[in-house]
Amino acid sequence: MTGHGNHGDGRPDGERKPRDNDSQGTRRQFSNRYTVIAVAFILISVLYIVSIASIQLNYEPTKRRTETETERTEPIEAMRGEIFDRNGKALVTNDYSYSLVLNYGTMPDTYTAGNRSIIAVMQALSATGCEDKRCGDSWVFSGSYPNIVYDPEKLTDENLRARLARVKKALELDTDASAYEVIEKLARKCRILDSRGRVNTDDDGRPLYTYEEITTVLRVRYEMEVIRFAKAQPLTIAEDVSEELITYVAEHEIEGAMIKTTVSRVYHYPGIASHILGRVGSIPISSAEEYAEHGYAPNAKVGVSGVEKAFEQYLRGMDGERVIVEDSEGHVIDTYVSKEPQAGNDIWLTIDIELQAATEQALAENITYILDTEASSTDAVVQNAIKNGSLARAGAMTVINPKTGEVLALASNPTYDLSTFSQNYEALSSDPRAPLVNRALSGTYPPGSTFKVGIAVAALSEHIVSPSSTVHCSGQYTYYDDYQPKCWNIWGHGDLDATHAIGASCNVFFFEMGRLLTIDNINKYCRLYGFGQPTGIELTDVENTGVLADPEYARDNGLEWTAGRVIATAIGQGYNSFNPLQISCYMSMIVNQGVRYSAHLLGSVREFHTGRIIYSPDPEIAASFDMSDSTYKTVMDGMGLVVSSPTSMTSRYLADYPVKVGAKTGTAQVGDGSVDNCVFAAFAPFDDPEIVFSCVIEHGVNGYYAAMGAKQVFNSYFGFTENKAPDGTAG
């Protein structure tokens with residue numbers, strides 16, 4: 001078949017191939033795909049451009065990190081505010097020191113390697129002679145591994161018991177777990193012991209630790225459990241370390257060990273005002289949650305006593321934050337401050353440090369004077385007190401400004417030195433004379449005859465007697481048939497008005513005033529005087545407000561209450577007991593003609609180191625009543641007689657003083673058959689009082705003995721040397 005061909009697909013030659021619908025669809029698919037790809041490319045390009053722009057706008061060189069770099073933060077300790085006296089004299093300031101700490105972020109990853117770091121750190125302390133710089137810890141055990149047992153003495157400490165409970169909980173142990181159980185569980189946890197309770201060994205079967213090293217590691221690991229060792233909670237091993245130790249740690253590259261700069265307190269008057277100033281320390285376990293709510297780190301240092309605690313809100317600084325960048329091997333490659341620290345504010349107290357020092361010296365010398373004077377006494381009770389060491393064993397003096405309530409001095413004896421507190425704590429806490437007790441605020445005592453002035457004011461104000469009314473004293477009070485107490489002057493004082501009754505301290509006069517007043521009126525005025533109530537001083541955690549007794553108090557305490565108890569109360573005996581500062585506040589109200597100010601220590605709050613005053617409290621009236629001019633003159637003249645009367649024992653100390661003084665003595669029975677307490681209150685100048693003084697000396701025999709100490713305090717306040725004015729002329 002010539003002239004005809006075949007295309008091989010069954011079509012005759014010359015016949016055109018028709019359009020294939022499938023081919024058209026395929027071409028459309030490719031076209032659509034190219035469109036999608038183009039759009040995606042455009043979108044990706046836009047996103048890339050936006051990302052580049054964002055990076056450029058937010059670029060921070062210190063935060064550009066590779067996958068092998070890590071960041072951790074550590075606090076920058078803020079400077080704590082400093083403490084000054086009323087005249088701007090530095091009392092407590094800051095100083096830099098260095099601490100050796102174990103840092104969680106750089107500790108080895110395994111317990112075994114971490115244990116070797118702990119051992120190396122302790123070896124560093126030993127090698128550099130810094131073992132005495134090691135911090136106190138929460139260890140409640142004694143002995144060494146494997147014979148570690150509870151230390152009964154340490155378990156008497158509430159804080160240590162609370163920390164032990166925390167460790168038991170962390171180790172999932174019962175609250176009554178034995179020392180063996182705690183140590184065994186802790187040793188297993190930190191890989192000292194294996195699953196069978198044996199000391200772990202190396203590849204050659206040798207123990208990894210000696211028993212001494214086990215004890216060391218366990219003690220540190222225990223403290224880590226207590227503080228919940230973590231990145232935000234490093235463990236301080238030693239404080240105020242030497243440069244030699246700093247060099248040693250750097251040279252030996254102990255993993256986890258770090259030198260930290262810390263701020264410590266410097267006391268410019270060592271041994272003076274210790275009970276007032278107080279200390280800085282770790283947050284008490286019992287207050288941990290409260291401090292955490294206020295933003296404190298668990299390892300923060302806070303005021304734990306005295307002014308440091310009372311004014312924590314002002315003294316506290318706000319810590320800053322430093323970011324530390326490390327490579328995969330733990331080497332620091334960058335640091336930067338992400339938050340600047342803010343210093344706390346300074347505190348200016350109402351205390352005059354020179355007067356405070358003079359008051360503490362006067363108290364110590366007054367006690368010595370009593371001991372020397374009574375050494376030759378033939379009184380059996382006094383001799384017994386000398387033998388058992390109770391005679392004039394302790395005391396307190398307080399000095400305040402009656403017109404403002406400012407506390408000028410608070411002395412307590414025996415005392416201690418804040419700068420050596422940690423080293424001497426064991427001896428201080430076990431001393432039977434209790435030097436850590438602030439007797440000016442915590443000690444409470446019967447007021448003795450100093451109370452009679454207040455009874456006179458109450459009787460005159462209630463019109464029970466007039467200034468000219470008299471009571472006859474025959475040496476014995478005979479109103480009751482079954483209770484007839486004697487006056488101290490058994491021969492009697494004869495007829496006395498209120499002024500001369502105060503001057504002579506006649507018991508019979510005030511027995512009668514107490515009977516006529518009744519306990520309700522007595523206590524009405526006592527509450528005005530501030531007895532049985534807070535004085536207002538900011539050291540609230542140590543102030544004992546004492547006892548203002550009445551029939552209800554007696555009933556609640558299983559004590560007897562009779563008419564005789566009322567008249568005993570009127571002469572400062574009975575169940576009443578008040579602290580020395582309350583006596584000064586009470587006397588201030590008398591000399592202020594019925595106005596009592598709240599006692600206070602805070603003079604002002606000032607900006608750190610600039611001195612700019614941020615806050616200064618105004619004097620606050622705590623109580624007042626209308627004391628008539630005649631009542632005021634009657635009692636003031638009576639206190640003048642205590643000093644000026646030739647028959648008064650006080651006159652030998654203060655009668656010829658350059659500034660006229662008023663006073664009232666008190667010889668208070670303590671009820672256990674031992675030597676009476678010495679109680680004394682005084683003020684000056686008489687016509688315009690600007691300083692009130694009070695003193696209590698435990699078992700100090702006679703109230704007038706304290707007039708010697710009052711004279712020394714007045715000398716310091718007025719600038720006198722003995723009885724000479726500052727210019728050397730006679731007063």
# chains A, B, ... in the order shown; residues from 1 in each chain; ligands from 1
call {"tool": "residues_around", "arguments": {"residues": "Lys452 (chain A)", "least_positions_apart": "5", "cutoff": "8 Å", "atoms": "only C-alpha atoms", "output": "MDAnalysis selection string"}}
result
chainID A and resid 502 505 510 570:572
call {"tool": "write_last_selection", "arguments": {"atoms": "N, CA and C atoms", "output": "short mmCIF file (atom, residue, chain, number, x, y, z; two decimals), in the first residue's frame"}}
result
data_model
loop_
_atom_site.label_atom_id
_atom_site.label_comp_id
_atom_site.auth_asym_id
_atom_site.auth_seq_id
_atom_site.Cartn_x
_atom_site.Cartn_y
_atom_site.Cartn_z
N ILE A 502 6.55 61.77 151.81
CA ILE A 502 7.43 61.37 150.70
C ILE A 502 8.88 61.53 151.12
N SER A 505 9.61 58.90 153.53
CA SER A 505 9.22 57.59 153.02
C SER A 505 8.47 56.79 154.09
N PHE A 510 1.39 55.90 153.84
CA PHE A 510 0.96 55.33 152.56
C PHE A 510 0.13 54.06 152.72
N ALA A 570 0.49 49.69 148.16
CA ALA A 570 0.64 51.14 148.21
C ALA A 570 2.05 51.58 148.57
N ILE A 571 2.86 50.70 149.17
CA ILE A 571 4.25 51.08 149.47
C ILE A 571 5.23 50.40 148.51
N GLY A 572 4.69 49.86 147.38
CA GLY A 572 5.57 49.31 146.35
C GLY A 572 5.96 47.87 146.57
#
call {"tool": "closest_atom_pairs", "arguments": {"of": "region 276-373 of chain A", "to": "region 228-248 of chain A", "cutoff": "10 Å", "atoms": "only C-alpha atoms", "output": "Markdown table"}}
result
| residue | atom | partner | partner_atom | distance |
| --- | --- | --- | --- | --- |
| A:Ala297 | CA | A:Ala232 | CA | 7.9 |
| A:Pro298 | CA | A:Gln233 | CA | 6.9 |
| A:Asn299 | CA | A:Gln233 | CA | 6.4 |
| A:Ala300 | CA | A:Gln233 | CA | 9.5 |
call {"tool": "write_last_selection", "arguments": {"atoms": "N, CA and C atoms", "output": "JSON list (two decimals), in the first residue's frame"}}
result
[["chain", "number", "residue", "atom", "x", "y", "z"],
["A", 297, "ALA", "N", 15.72, 36.60, 100.42],
["A", 297, "ALA", "CA", 16.29, 35.32, 100.03],
["A", 297, "ALA", "C", 16.45, 34.45, 101.27],
["A", 298, "PRO", "N", 16.39, 33.12, 101.11],
["A", 298, "PRO", "CA", 16.49, 32.24, 102.29],
["A", 298, "PRO", "C", 17.77, 32.43, 103.09],
["A", 299, "ASN", "N", 18.85, 32.83, 102.41],
["A", 299, "ASN", "CA", 20.14, 32.98, 103.11],
["A", 299, "ASN", "C", 20.44, 34.43, 103.48],
["A", 300, "ALA", "N", 19.43, 35.29, 103.44],
["A", 300, "ALA", "CA", 19.64, 36.70, 103.74],
["A", 300, "ALA", "C", 20.03, 36.90, 105.20]]
call {"tool": "select_by_dssp", "arguments": {"residues": "region 404-518 of chain A", "states": "alpha helix (DSSP H)", "output": "PyMOL selection string"}}
result
chain A and resi 421-430+452-461+498-504+507-518
call {"tool": "residues_around", "arguments": {"residues": "Leu581 (chain A)", "least_positions_apart": "3", "cutoff": "8 Å", "atoms": "only C-alpha atoms", "output": "list in words"}}
result
Thr398, Ala440, Leu441, Thr535, Ser584, Cys585 and Ser694 of chain A
call {"tool": "write_last_selection", "arguments": {"atoms": "N, CA, C and O atoms", "output": "compact mmCIF listing (two decimals), in the first residue's frame"}}
result
# COMPACT_ATOMS: atom_id res chain seq x y z
N THR A 398 18.31 53.43 133.53
CA THR A 398 17.69 54.02 132.34
C THR A 398 17.69 55.53 132.46
O THR A 398 17.55 56.08 133.57
N ALA A 440 17.15 46.23 131.65
CA ALA A 440 16.45 47.52 131.62
C ALA A 440 15.04 47.37 131.07
O ALA A 440 14.15 48.16 131.39
N LEU A 441 14.84 46.34 130.24
CA LEU A 441 13.53 46.11 129.63
C LEU A 441 12.91 44.77 130.01
O LEU A 441 11.70 44.66 130.15
N THR A 535 6.03 50.44 127.18
CA THR A 535 6.49 51.83 127.31
C THR A 535 6.43 52.58 125.99
O THR A 535 6.48 53.80 125.97
N SER A 584 11.16 54.94 134.95
CA SER A 584 11.54 56.26 134.41
C SER A 584 10.36 56.94 133.73
O SER A 584 10.16 58.15 133.85
N CYS A 585 9.56 56.17 133.00
CA CYS A 585 8.40 56.75 132.31
C CYS A 585 7.37 57.26 133.34
O CYS A 585 6.76 58.33 133.16
N SER A 694 16.55 56.24 136.39
CA SER A 694 16.08 55.18 137.28
C SER A 694 17.13 54.09 137.36
O SER A 694 17.93 53.91 136.43
call {"tool": "closest_residue", "arguments": {"among": "A:Arg527, A:Arg393, A:Lys664, A:Arg221", "to": "Met649 (chain A)", "atoms": "only C-alpha atoms"}}
result
A:Lys664
call {"tool": "atom_distance", "arguments": {"atom1": "CA of Tyr180 (chain A)", "atom2": "CA of Asp203 (chain A)"}}
result
28.1 Å
call {"tool": "select_by_dssp", "arguments": {"residues": "region 69-287 of chain A", "states": "strand (DSSP E or B)", "output": "ChimeraX atom specification"}}
result
/A:70-76,83-84,90-102,134,141-142,149-150,193,199,201,207,230,233,235-238,257-267,280-282
